[in-house]
Each structure stands twice: as structure tokens, then as C-alpha cells.
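Working notes, structure below.
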2 protein chains.
Amino acid sequence: MQATSNVGEILNMNNKLHCTVSLAQINPTIGDYEQNSKKIFEFMSSENSKSADIIIFPELALFGLPIGNLISRFPFLVQQNLKWINELAKHSGKTAVAIGFVNTENINNETVYYNSLAIIRNKKIEKIINLSPLQQNTMNLCSDNTYEINGTKYLFLNSDIENIEKNINKFNTTNTDIIIICKSLKTGEAASYKKHEILSNLSMKYNLAIAHINQSGLSDNFLFDGESCIYSKKGKLIAVANSDEEILSADIYNCFEKELINITYKNTSEFSLNYEYDLERTYKTLIKGIRDYFAKNNLKRAVLGLSGGLDSSICAVLLTDALGKDNVLGISMPSALTGNESKSDAKNLAENLDINYFEYEIKPVVNTVNSIFNKMFSDIETKWNCRYDKSYTQDNVQARSRAVYLWGISNEFDSCIPIATSDKSELYMGYATINGDMSGGYAPIADITKTKLFALAKWLNKNRDEKNAIPENIILKKPGAELAIDIKTGKPLLAEDALMPYEFLDEIIWRIETKKQTYTEILKSDFLYETHTKITKEQKKEWIDKFFKRMSSALYKWSIMPPSVIIGDYSINKAIYKHPLTSRIDYKEKSAEDIAKLFEK
Amino acid sequence: MQATSNVGEILNMNNKLHCTVSLAQINPTIGDYEQNSKKIFEFMSSENSKSADIIIFPELALFGLPIGNLISRFPFLVQQNLKWINELAKHSGKTAVAIGFVNTENINNETVYYNSLAIIRNKKIEKIINLSPLQQNTMNLCSDNTYEINGTKYLFLNSDIENIEKNINKFNTTNTDIIIICKSLKTGEAASYKKHEILSNLSMKYNLAIAHINQSGLSDNFLFDGESCIYSKKGKLIAVANSDEEILSADIYNCFEKELINITYKNTSEFSLNYEYDLERTYKTLIKGIRDYFAKNNLKRAVLGLSGGLDSSICAVLLTDALGKDNVLGISMPSALTGNESKSDAKNLAENLDINYFEYEIKPVVNTVNSIFNKMFSDIETKWNCRYDKSYTQDNVQARSRAVYLWGISNEFDSCIPIATSDKSELYMGYATINGDMSGGYAPIADITKTKLFALAKWLNKNRDEKNAIPENIILKKPGAELAIDIKTGKPLLAEDALMPYEFLDEIIWRIETKKQTYTEILKSDFLYETHTKITKEQKKEWIDKFFKRMSSALYKWSIMPPSVIIGDYSINKAIYKHPLTSRIDYKEKSAEDIAKLFEK
């Protein structure tokens with residue numbers, strides 16, 4: 001498992017001889033000391049590690065990340081993790097081992113907790129380094145963050161990638177040989193893309209080797225995707241792990257330069273439908289997300305509705321690849337509005353994937369509910385004079401009936417959850433039914449926009465071992481929920497007619513997320529959509545207005561979405577987007593003159 | 001609206017003559033600059049305020065609280081709030097006005113945001129005080145936090161109540177006359193109970209007047225409940241507002257002592273069913289929560305299922321008091337298992353409250369779904385050999401059918417949401433159905449345990465204008481969801497038989513929340529329940545084991561609960577309890593010996 005390299009030059013530019021640093025980027029489960037310790041113990045006692053000077057585990061490797069407020073709710077967890085660290089220490093040998101854990105100290109009669117490293121060696125804890133306080137308002141102790149072994153001096157930092165330099169400067173690095181950054185990075189954080197450039201530049205600037213130890217694996221919505229790495233004091237990459245490897249080692253004095261890994265991040269200055277550069281990372285992230293969420297939550301099986309549409313089809317492919325085809329159950333649940341094409345598309349997809357598949361109509365349930373609704377709504381109208389002329393009740397009853405089926409299956413079969421198939425574009429628009437398609441135990445694609453999903457579908461058809469699993473028709477046809485009839489055409493209403501063209505919608509999302517553009521700036525922008533389709537100013541304004549209006553009403557739905565892996569920096573997942581429901585934002589900026597006029601009234 | 005007092009002595013112990021401080025604890029809506037400015041402007045220009053030396057608004061009064069990450073997502077909001085502050089300044093006169101807003105500065109080419117105060121006077125901004133940075137990792141500027149007018153010197157602090165002394169000590173207070181704490185406190189925070197004692201002691205210690213300006217009103221789950229107050233330099237309370245008043249004033253030199261308000265907090269050292277001391281606060285908090293959530297989210301009506309049980313009955317009373325009886329719709333939705341008693345209890349309650357009320361059976365829907373389930377589950381069994389011998393599918397179908405009715409009504413009638421009636425004891429146990437009774441647009445009682453709800457029901461019957469609205473039978477009978485038959489009795493399964501006695505359950509909750517006790521400590525404790533009912537050690541262990549097991553599985557349900565007002569410090573509301581789903585906690589502590597043995601394997 002040792003990552004070595006045959007490329008590049010040997011970088012033996014040091015008067016010191018050897019120092020092998022091993023980084024063990026394990027995948028812990030929060031609170032599971034027994035399994036996490038077992039993993040740590042295995043790496044500590046492996047043959048490989050005996051040749052290393054030091055093995056370094058991720059921050060909080062024993063406890064897991066993120067901690068949330070588990071410690072304040074259950075302080076016994078801290079006492080327990082101390083016991084496990086002590087026991088691990090008893091099994092240490094001549095190789096030093098640095099393990100992230102939660103340390104506690106009593107300062108001025110207050111119990112304070114730290115994100116700390118225990119350095120264990122020769123059957124005891126040799127040193128504890130308090131990296132950073134775990135509660136707000138705790139003073140950061142000016143601790144000695146260094147450790148020396150076999151003539152090499154290490155400086156340990158728990159620092160954001162962007163602030164490393166600021167943090168290095170707090171220490172005297174005169175005799176330091178290598179800086180170890182113990183900070184787990186979530187995939188999709190802009191920092192993770194810039195990491196290599198920053199580390200390379202800093203190692204040159206300070207004439208020091210620098211290593212970054214990340215963790216791998218998922219916690220709810222956050223995927224930590226490894227890529228731990230070591231840079232020589234000349235700024236050359238000498239070792240890097242992908243997220244599947246759990247350990248990598250390098251001799252920081254006698255080292256080979258590795259080829260810099262491809263940085264797939266492309267911070268485009270223009271909106272584009274070319275997602276090619278990011279599809280492999282996206283796919284791998286989604287698969288790891290599903291697999292780890294299921295494994296860590298003792299889940300095994302997934303059931304989902306197959307509509308013959310893009311979203312459920314992509315979810316089916318991802319679940320098949322992550323869980324195995326026998327653990328996936330696709331249910332086609334046609335209504336009166338479901339076309340034959342949709343039914344056959346769903347069936348073909350299931351056959352291509354060879355997953356379990358059945359078809360059950362929802363008509364009997366929808367009809368029964370409607371016969372009750374008829375009387376119910378008439379009764380209520382006698383009391384409440386506020387019945388909508390046009391409501392979404394009919395659309396929603398269909399989606400909710402389907403969810404009743406899927407949750408029934410989840411209740412009846414062991415370790416099985418229903419899948420919420422909503423995508424990011426539709427969630428922005430609130431185009432999803434509460435207790436319907438947006439409900440489930442996990443939402444695989446909730447952080448991916450529709451145009452990217454189209455690109456992903458094509459990529460999957462091309463790059464999976466089994467080619468073209470997604471029937472071409474699913475990718476070619478226009479998306480529609482088949483929940484209502486378009487009065488203009490007499491056919492099921494298409495999503496783009498209910499909302500706006502997805503290409504236009506996704507560009508608005510891109511503009512507010514990446515560019516931080518305001519309503520006014522977006523209105524003035526030239527859209528990619530306009531390069532091939534002429535639209536009037538009024539049409540454009542109507543779509544943009546609709547976007548902001550629908551987004552404001554969609555916040556509640558975001559707040560009750562199931563977990564989903566976060567792919568990019570601007571997810572609307574509630575774990576990273578804190579938008580109070582009880583807010584009233586006027587997205588259309590007011591000028592100073594407009595505001596002055598309001599005061600005149 | 002000026003709060004004065006006739007009790008106590010006049011505290012004219014200063015050589016200064018007059019200084020009237022007005023605190024305007026308004027209820028802003030996040031992001032709603034127009035309405036918030038309007039409120040601020042009204043207080044600024046009122047007759048009363050012309051006699052004050054200074055009017056002080058809460059922290060972030062213009063923006064609203066909590067900000068979440070609105071600013072990083074929509075930076076234009078900051079530019080907009082600056083425009084509003086400038087306009088407000090143009091309307092200021094000789095009275096100084098301090099208004100909380102978001103300030104931005106450029107420091108080392110980085111845009112940083114501050115929780116700041118603009119002090120406006122004589123048509124311009126006289127001073128800006130940056131109270132605290134709004135992003136982490138921002139340096140706190142050592143700003144001059146003082147302001148002097150008419151010979152009185154003010155020091156403004158944005159400090160937790162617990163840390164006021166530490167924060168005062170950062171400043172030179174030699175010439176200060178009054179310290180203004182601009183920090184909004186959420187109801188139920190322990191700090192809010194200790195506030196008066198701390199402020200009184202500190203004003204004596206520093207020989208300074210101290211005022212606390214809070215805000216009033218709800219944001220999603222957080223209720224800020226006012227009680228802004230002013231202490232004289234002799235530690236005497238000279239003015240205090242309740243949460244309904246929006247402004248109070250006092251002359252800090254020529255002042256009367258007020259009677260200290262009753263502090264209702266009782267941090268009991270033993271578990272008790274005597275909730276009397278907290279029921280009025282609880283009721284008022286619930287009512288304010290519902291009313292403000294509905295108002296700020298443009299909602300008007302609520303529909304809820306009336307089962308004839310305690311939870312839905314209390315919800316109905318609260319909604320009636322908060323929204324008015326015409327805006328509440330109770331639906332009785334009996335199943336085959338619903339007893340006649342439950343039906344008549346529900347009906348009697350609705351009649352007592354005079355709310356809108358109808359009854360619709362769910363049998364037709366349940367039967368239709370079941371006929372489909374029969375075939376569906378047999379089909380799936382041919383593929384998946386993991387069907388449960390005993391499942392909750394039948395229980396859940398009933399709860400989900402009811403939710404289909406309620407959400408249908410919400411979709412069909414304007415500004416109407418369904419109510420989730422789950423209580424805290426049952427949520428701890430996961431004793432609630434996803435897409436069923438735990439779904440809704442708001443969950444009024446999700447932070448109240450069952451035994452406290454029984455006490456609240458009695459209190460409501462005694463203290464509301466209309467006495468005994470809740471039929472006695474509802475309070476006397478044992479709770480049961482009427483979703484399943486108890487095979488032992490042949491009657492509907494009681495909740496206490498499915499779970500454990502509520503008195504015992506609520507004491508476990510109290511022990512882990514308030515006492516932070518571990519599994520082992522709880523097991524060793526003497527329970528109140530045991531003082532009147534003998535239970536075996538095995539029974540006790542079984543209940544405690546069941547508690548921790550069910551709690552671990554309930555986390556997912558907590559993560560998708562609708563908003564609810566937080567009543568106490570240890571709510572399981574996701575806004576303040578961050579418990580990662582993907583965690584595996586061994587609540588039974590292991591001894592060092594147990595851990596050592598695990599390593600021997």
C-alpha cells in the first residue's frame with residue numbers, strides 16, 4: 001500500500017539521512033471507539049509501519065468528525081475516549097503514533113475540551129498536543145505543538161488551508177523539519193482544489209517539508225475524500241494518496257518527485273454546459289456517499305420509484321453501483337397520466353441494470369382519496385372562503401400515494417430505505433412534493449443541477465462497464481413529472497413549461513451561487529440560453545422573477561430534506577446553508593432614492 | 001408605554017442630573033428592511049422619544065437575527081442595509097439613536113462583516129461601533145465602543161451574559177456612566193434566568209448603571225422574549241419590560257427602585273412532576289411562537305387531526321388561542337381501531353373550543369392501500385428474504401393516510417398548514433410516523449415532555465378564560481396511538497405498554513439532559529416512579545436499555561421535524577442539537593479492563 005513513484009528526480013538535498021512519515025487517512029465512524037481503535041491498532045501493528053518513524057492519523061481519528069454538540073450533551077464520551085487512547089498507548093512500540101482525540105483540561109475551574117493529538121510510543125503517551133479548542137470562547141492555550149523523534153522535528157497544526165501561513169507564523173520554525181497539517185477537508189471545498197498549490201508554495205517559502213493528513217469517508221452530508229499528501233522542502237510533491245488508500249508513506253529526505261496530480265477544478269468565468277471535467281469526481285463522490293451512509297447506518301437495501309425520467313434513472317444507476325443490484329428495488333407506479341413510453345423506459349432501465357423491479361398502479365389509492373376529498377373540500381368551503389381556484393392538490397396526491405407505497409416497503413423489509421430522487425434545480429424551485437418524491441431516507445442527487453444530470457447520464461452510459469444502461473429515450477425526452485395536464489397541449493405538463501428552461505434555470509443558480517450576482521445583475525446578464533434561442537426582455541424578467549419567488553417559498557422544503565452528499569461549495573443542503581425560514585428578503589435591490597421615497601409616505 | 005414604578009425608593013445618588021435611556025426591544029423580521037426600518041422610524045419619531053437622551057435598538061435590529069449564512073450567500077444584503085441606515089440617519093434629530101446593523105470594512109483587501117451599531121443624530125451617522133465580527137477567523141478590531149452625549153458616557157458591549165465581566169475588563173471604564181449590553185437572548189437559555197442577578201451584582205461592583213437591550217419575537221425555532229432592563233449603579237432594577245412592550249425608558253440618575261421580577265426558573269436537583277412554576281411561561285412562549293411564526297411566514301390557518309388524545313387536544317387549544325378559533329380546523333379521522341370514546345372526546349373538545357370541525361374515516365384509503373400491499377409484499381418476498389415477522393407497516397399506513405388528508409387540505413386552501421402534534425417524549429423514542437403524525441408545517445409541542453403536557457392540560461383548563469375546554473376524560477385516560485391492537489389485552493395498544501411509563505421515560509430524559517448522567521449512573525438512580533410502584537431491577541434495566549436503543553434510531557426523525565419553538569435549554573430541535581446521524585455511540589460505558597480485553601482478541 002506504500003505509494004512510491006518512479007517519475008521525477010530524487011530530491012536528496014538534505015544533510016539528514018532518513019525519515020519515513022506515514023499518513024493513515026482512515027475512515028472513522030463518529031463515536032464508534034471500538035471500530036475506530038481497531039483500525040488504528042491494525043495500522044500501528046502492520047509490518048509496513050514498523051519501518052516508519054511516525055504514523056499520523058487524522059484529526060479526531062478516534063472520535064470521528066464532525067462532532068456536532070455531542071460532547072456537551074454526553075460528556076462521558078470524552079472520558080471514554082481517554083480510556084481508549086490509554087489502551088492504544090499500551091500497545092505502541094518504537095514507532096511514534098499520533099492519534100487525533102478529544103482532550104480535556106481543567107482551567108480556572110472550568111472543563112475545557114480540545115481537538116488534540118496523543119503521540120504514543122514505547123507503551124506510553126509521550127506527548128499531548130492541544131491543536132485547537134472545541135468550544136467557542138475557550139482560550140487557545142499556547143501549547144508546544146512540536147515533537148522530535150530520530151533527529152527530525154515535527155510541527156503539528158490544525159489550520160484551514162487558506163490560513164496555514166498565518167498559523168505557521170505563530171510558531172518558531174527554526175529547527176522544524178516538517179509541518180503536519182491535521183485538518184480534514186470536505187470534498188468540494190474550494191480549499192481542497194487550491195491545496196496543492198498552497199502547500200507547494202509554502203514548503204518552498206519556508207524551506208520545510210509539509211504534509212497534509214485528511215480523513216476519508218462520509219458523515220451524513222460531508223464526504224472527506226483523503227488525498228493526503230507530502231511535499232518536500234523544495235515544494236515537490238513526493239507522496240499523495242487517493243481517497244481509496246488508507247495509508248501512504250514517504251521518506252522526506254530521500255524522496256522522489258511525483259507528477260502533480262490533475263487538479264480537476266475549473267472555476268469557469270462563464271456558465272457552461274460542459275461539465276465533463278467534473279463528472280468522474282461527481283460520480284465517485286456520489287457512490288462513496290451512498291455506500292458509506294448505508295454502511296455506517298446499518299442499511300443495506302434501497303427502494304425507489306422508477307418513473308422513466310432522468311432523476312430516478314440516475315438514482316437507480318448510482319444505487320446499483322454503490323449497493324449491488326440485488327439490494328436495489330425499482331417500483332414503477334403509473335397513474336392515469338403516465339404514458340406508455342415512461343413505463344417502458346422504466347422497465348428497460350431496470351432490465352439493463354438487472355435490479356429487482358415491479359409495477360403497481362396508484363390509481364386505486366388516488367381514486368379513493370379523491371372521492372373523500374370531494375366531500376371534504378366542499379364541507380370545508382362552507383367554513384373557509386379561501387379555496388384556491390387552481391391548486392396542486394391533484395399533483396401531490398399522486399406523489400404522496402407513491403411515497404405511501406415506498407415507505408410501506410421500507411417498514412416491511414429489513415434495513416431498507418426509500419430514496420428521495422429530487423435534484424438541485426427542482427429543489428431550488430420547490431418543484432417537489434412534501435411527503436412525496438422529496439421524502440426518503442437518503443437523497444443521492446439533491447446537490448446536482450438538472451443540466452449536470454443530463455451530462456452525467458451520458459457520462460454513465462459511456463464510462464460504466466455496462467454501456468448505455470440508461471435508455472437513450474430517457475436522456476432525449478423533455479423532463480416532466482406527469483402529475484398534471486398542460487391545458488395548452490392536452491398532454492402531461494412538461495417541467496420546463498411549469499418552471500422555465502433548465503438551461504436558463506441552472507444559469508441563474510450558477511450566477512447567484514458562484515458569482516454572487518444580485519437580481520439586477522442577473523437581469524442584465526447575457527444568458528447562454530440566449531445564444532441559441534431568442535427570448536423577449538419580458539420573458540427573461542418573468543423567469544428571473546419566478547426563480548426568486550419560488551426559491552423563497554422553497555426554503556421550508558429544504559429544511560426537511562433527507563441527507564445527501566454535498567458535491568460543491570454552494571449546496572442548499574441544510575448542513576451548510578443556514579437560511580432562516582422566517583425571513584422576508586427583497587431580492588430586488590432598492591436604490592437610495594427608492595428608499596427615501598418610502599420614507600416620504 | 002413608558003414603564004415607571006411606584007415602589008421602592010428614589011435613587012438619586014448621583015451628582016449628574018438627568019439622563020433618560022430608552023430601550024426599544026422591537027420584533028424585527030430577518031431581511032425585511034422596509035418593515036424593520038418602519039418600526040425603528042416610528043419609535044424614533046414618537047413624542048416619547050424626544051424627551052430621551054438616547055434610544056437604543058437591539059443588536060442587528062435592522063437585519064434581524066439569527067443571520068445564518070445569508071450574508072455569505074447574498075452579500076448584496078449588506079449593501080442594502082447600509083442604504084437603509086443612511087436614510088434613517090437623515091431623519092434623526094437631537095436624540096441619539098443606536099441601531100444594530102451589519103457593517104462592512106475592507107481589511108487587508110478582505111471584506112469583513114461586523115455586528116455593529118450606528119449611532120445617528122442630527123441627520124447624520126455620528127459614530128459606528130463594531131461590536132463583534134460576523135465571520136469566524138475575523139480579527140476583532142479593538143474599536144472604541146463608547147459614545148458620549150449630554151454629559152453621559154455609554155459603553156456598548158455585545159457579550160453573553162455569562163461573560164460580561166470578562167468583556168467589561170477589556171475596556172477602561174473610568175469615565176463610563178452606563179454599560180449597554182446589546183445581545184439578544186433566547187428564551188429558556190439558562191443565562192436568561194441568571195441575567196438579573198448578574199446585572200445587579202455587576203452594576204454594584206463597577207458602580208455603573210447597566211442596561212440590557214433584548215429583542216422580542218420569533219425566528220423559526222428561537223423566541224427572543226424581551227425583558228430588557230436597566231439597573232442603577234447601586235444594583236437596583238429601575239426599569240424592566242415584559243416581552244409584549246416594545247419600549248421602556250428610565251432616567252439612570254433620578255430613578256426609582258422597582259420590585260425585582262419573579263424569577264420563575266427552578267433548577268431542581270430532583271426530578272419532579274410539579275411543573276407549576278413554569279407553566280405560564282411555557283404557555284406564553286408557545287402562543288407567541290405560533291403567532292409570530294404564522295405572521296412572519298404569511299400563514300393564517302392551521303388544520304390538525306383530532307384524535308381525542310392529549311397531544312392533539314393541547315395543540316388545538318394553543319392554535320385557537322394563537323390564531324383565533326375561525327382559523328383552526330380540526331379533523332377527526334377514525335380508523336377501525338378508533339374507539340367511540342376517542343371520537344366523542346375529539347368532538348367535545350372541538351365544540352368547547354368552537355373551532356371548525358369535521359370527521360372523515362380513513363378506512364377506505366387504508367383498505368385500498370392494504371389490498372395493494374398484500375400483493376406487493378408477496379412479490380418482493382420472492383426477491384428479498386428479509387421480511388419482518390412483526391412490522392409497523394399497518395400502524396404507519398393509518399398515520400400516513402391521515403397526513404394525506406391534512407396535506408390535501410393545506411394544498412387546497414390558502415395560507416393553511418397542517419400541524420405536527422408529536423411531543424418531546426415520543427420524539428425521543430421515535431414514536432412518531434414519518435410522513436404521518438410527525439409531518440406538518442409547524443410542531444407546537446415538540447419541545448415538551450408528556451408529563452409536562454399533562455400538567456399543562458390541567459393548567460389550561462384552570463387558567464384560560466373558558467374553563468375546562470379539554471374534556472376531563474382526555475386528561476384522565478392513558479395515552480395510546482390507537483394504531484395497533486395489544487395482543488395481551490385485545491384492546492388498542494397503550495403507548496406506555498409499547499414504550500414504558502411516561503413518568504419513568506421523562507425522568508430518563510431529565511437525567512441525561514439536566515444531570516448529564518451516563519447509562520450506568522441512570523441505572524443506579526432511584527426513580528420517582530419507584531416511590532409509588534415497585535419494579536424489578538430487570539424491568540428497570542429493560543426500560544433504560546430500550547430508551548437508549550430507541551433514541552439512537554430516532555435521530556433521523558429529529559432531522560426532518562418541522563420548526564417548533566424551543567422551550568428549554570436541551571431541546572432536540574435540530575436548530576440547537578447537532579447529533580450526527582452517522583454515529584455509533586456505545587452509551588454503556590466501558591471500563592479500562594473491558595477495553596483491554598477487547599484488544600486481547
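Labels used: A, B, ... for chains in the order of the C-alpha cells, numbers from 1 for residues in each chain, and numbers from 1 for ligands as shown.
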
(request) Would you return as a PyMOL selection string the members of stretch 390-448 of chain A that DSSP assigns to alpha helix (DSSP H) on this structure's backbone? (result) chain A and resi 393-412+424-428

(message) With only C-alpha atoms as the counted atoms, please give the residues lying no more than 12 Å from A:Lys94, apart from itself and same-chain residues fewer than 6 positions off, as number ranges by chain.
(response) A: 44-45, 49-55, 119-124, 126, 149-150

(request) Return the single residue from B:Ser232, B:Asn254, B:Asn172, B:Ser583 that is closest to chain A, with distances computed using only C-alpha atoms. (result) B:Ser583

(request) Would you list the contacts of A:Lys478 as a PyMOL selection string, taking every protein, DNA or RNA residue within 9 Å and counting only C-alpha atoms, but skipping same-chain residues closer than 4 positions in sequence? (result) chain A and resi 309+474+494-496

Determine which residues of stretch 187-376 of chain B receive a DSSP assignment of strand (DSSP E), computed from the backbone, and state them as a PDB file with C-alpha atoms, in the first residue's frame.
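Produced file states28.pdb, reproduced below:
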```pdb
ATOM      1  CA  ALA B 209     -25.579  51.633  35.603  1.00  0.00           C
ATOM      2  CA  ILE B 210     -26.068  48.613  33.304  1.00  0.00           C
ATOM      3  CA  ALA B 211     -28.822  48.045  30.749  1.00  0.00           C
ATOM      4  CA  HIS B 212     -29.643  45.018  28.664  1.00  0.00           C
ATOM      5  CA  ILE B 213     -31.408  45.514  25.360  1.00  0.00           C
ATOM      6  CA  SER B 216     -38.733  40.282  21.122  1.00  0.00           C
ATOM      7  CA  GLY B 217     -40.312  37.827  18.731  1.00  0.00           C
ATOM      8  CA  LEU B 218     -39.628  34.537  16.972  1.00  0.00           C
ATOM      9  CA  SER B 219     -37.243  33.412  14.247  1.00  0.00           C
ATOM     10  CA  PHE B 222     -35.888  30.767  18.565  1.00  0.00           C
ATOM     11  CA  LEU B 223     -38.035  33.048  20.668  1.00  0.00           C
ATOM     12  CA  PHE B 224     -36.390  36.211  21.947  1.00  0.00           C
ATOM     13  CA  ASP B 225     -38.583  37.300  24.766  1.00  0.00           C
ATOM     14  CA  CYS B 229     -33.933  46.079  31.741  1.00  0.00           C
ATOM     15  CA  ILE B 230     -31.933  48.834  33.391  1.00  0.00           C
ATOM     16  CA  TYR B 231     -30.022  48.602  36.679  1.00  0.00           C
ATOM     17  CA  LEU B 237     -33.655  47.384  38.997  1.00  0.00           C
ATOM     18  CA  ILE B 238     -35.081  50.672  37.774  1.00  0.00           C
ATOM     19  CA  ALA B 239     -36.895  49.596  34.623  1.00  0.00           C
ATOM     20  CA  VAL B 240     -37.896  46.325  33.030  1.00  0.00           C
ATOM     21  CA  ILE B 247     -40.136  50.243  24.517  1.00  0.00           C
ATOM     22  CA  LEU B 248     -39.167  51.245  28.027  1.00  0.00           C
ATOM     23  CA  SER B 249     -37.367  54.273  29.423  1.00  0.00           C
ATOM     24  CA  ALA B 250     -35.699  55.283  32.634  1.00  0.00           C
ATOM     25  CA  ASP B 251     -33.663  58.142  33.965  1.00  0.00           C
ATOM     26  CA  ARG B 301     -54.842  28.907   9.155  1.00  0.00           C
ATOM     27  CA  ALA B 302     -53.995  25.572  10.707  1.00  0.00           C
ATOM     28  CA  VAL B 303     -55.502  22.145  10.177  1.00  0.00           C
ATOM     29  CA  LEU B 304     -54.848  19.269  12.542  1.00  0.00           C
ATOM     30  CA  GLY B 305     -56.043  15.785  13.202  1.00  0.00           C
ATOM     31  CA  VAL B 328     -58.378  26.390  13.217  1.00  0.00           C
ATOM     32  CA  LEU B 329     -59.780  23.282  11.571  1.00  0.00           C
ATOM     33  CA  GLY B 330     -59.884  20.026  13.499  1.00  0.00           C
ATOM     34  CA  ILE B 331     -60.414  16.820  11.568  1.00  0.00           C
ATOM     35  CA  SER B 332     -61.328  13.582  13.262  1.00  0.00           C
ATOM     36  CA  ASN B 356     -64.207  24.254  12.698  1.00  0.00           C
ATOM     37  CA  TYR B 357     -64.611  20.506  12.861  1.00  0.00           C
ATOM     38  CA  PHE B 358     -65.351  17.584  10.532  1.00  0.00           C
ATOM     39  CA  GLU B 359     -64.995  13.840  10.608  1.00  0.00           C
TER      40      GLU B 359
END
```

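Closest to A:Ile544 among A:Arg402, A:Lys205, A:Lys588, A:His579 is A:Lys588, based on only C-alpha atoms.
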
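In this structure, atom CA of A:Tyr206 sits 10.1 Å away from atom CA of A:Ile178.
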
(message) Can you pull out the residues contacting B:Leu185? Cut-off 8 Å, using only C-alpha atoms, and skip same-chain residues under 4 positions away; I want them as a ChimeraX atom specification.
(response) /B:189,191-192,214-215,224-226
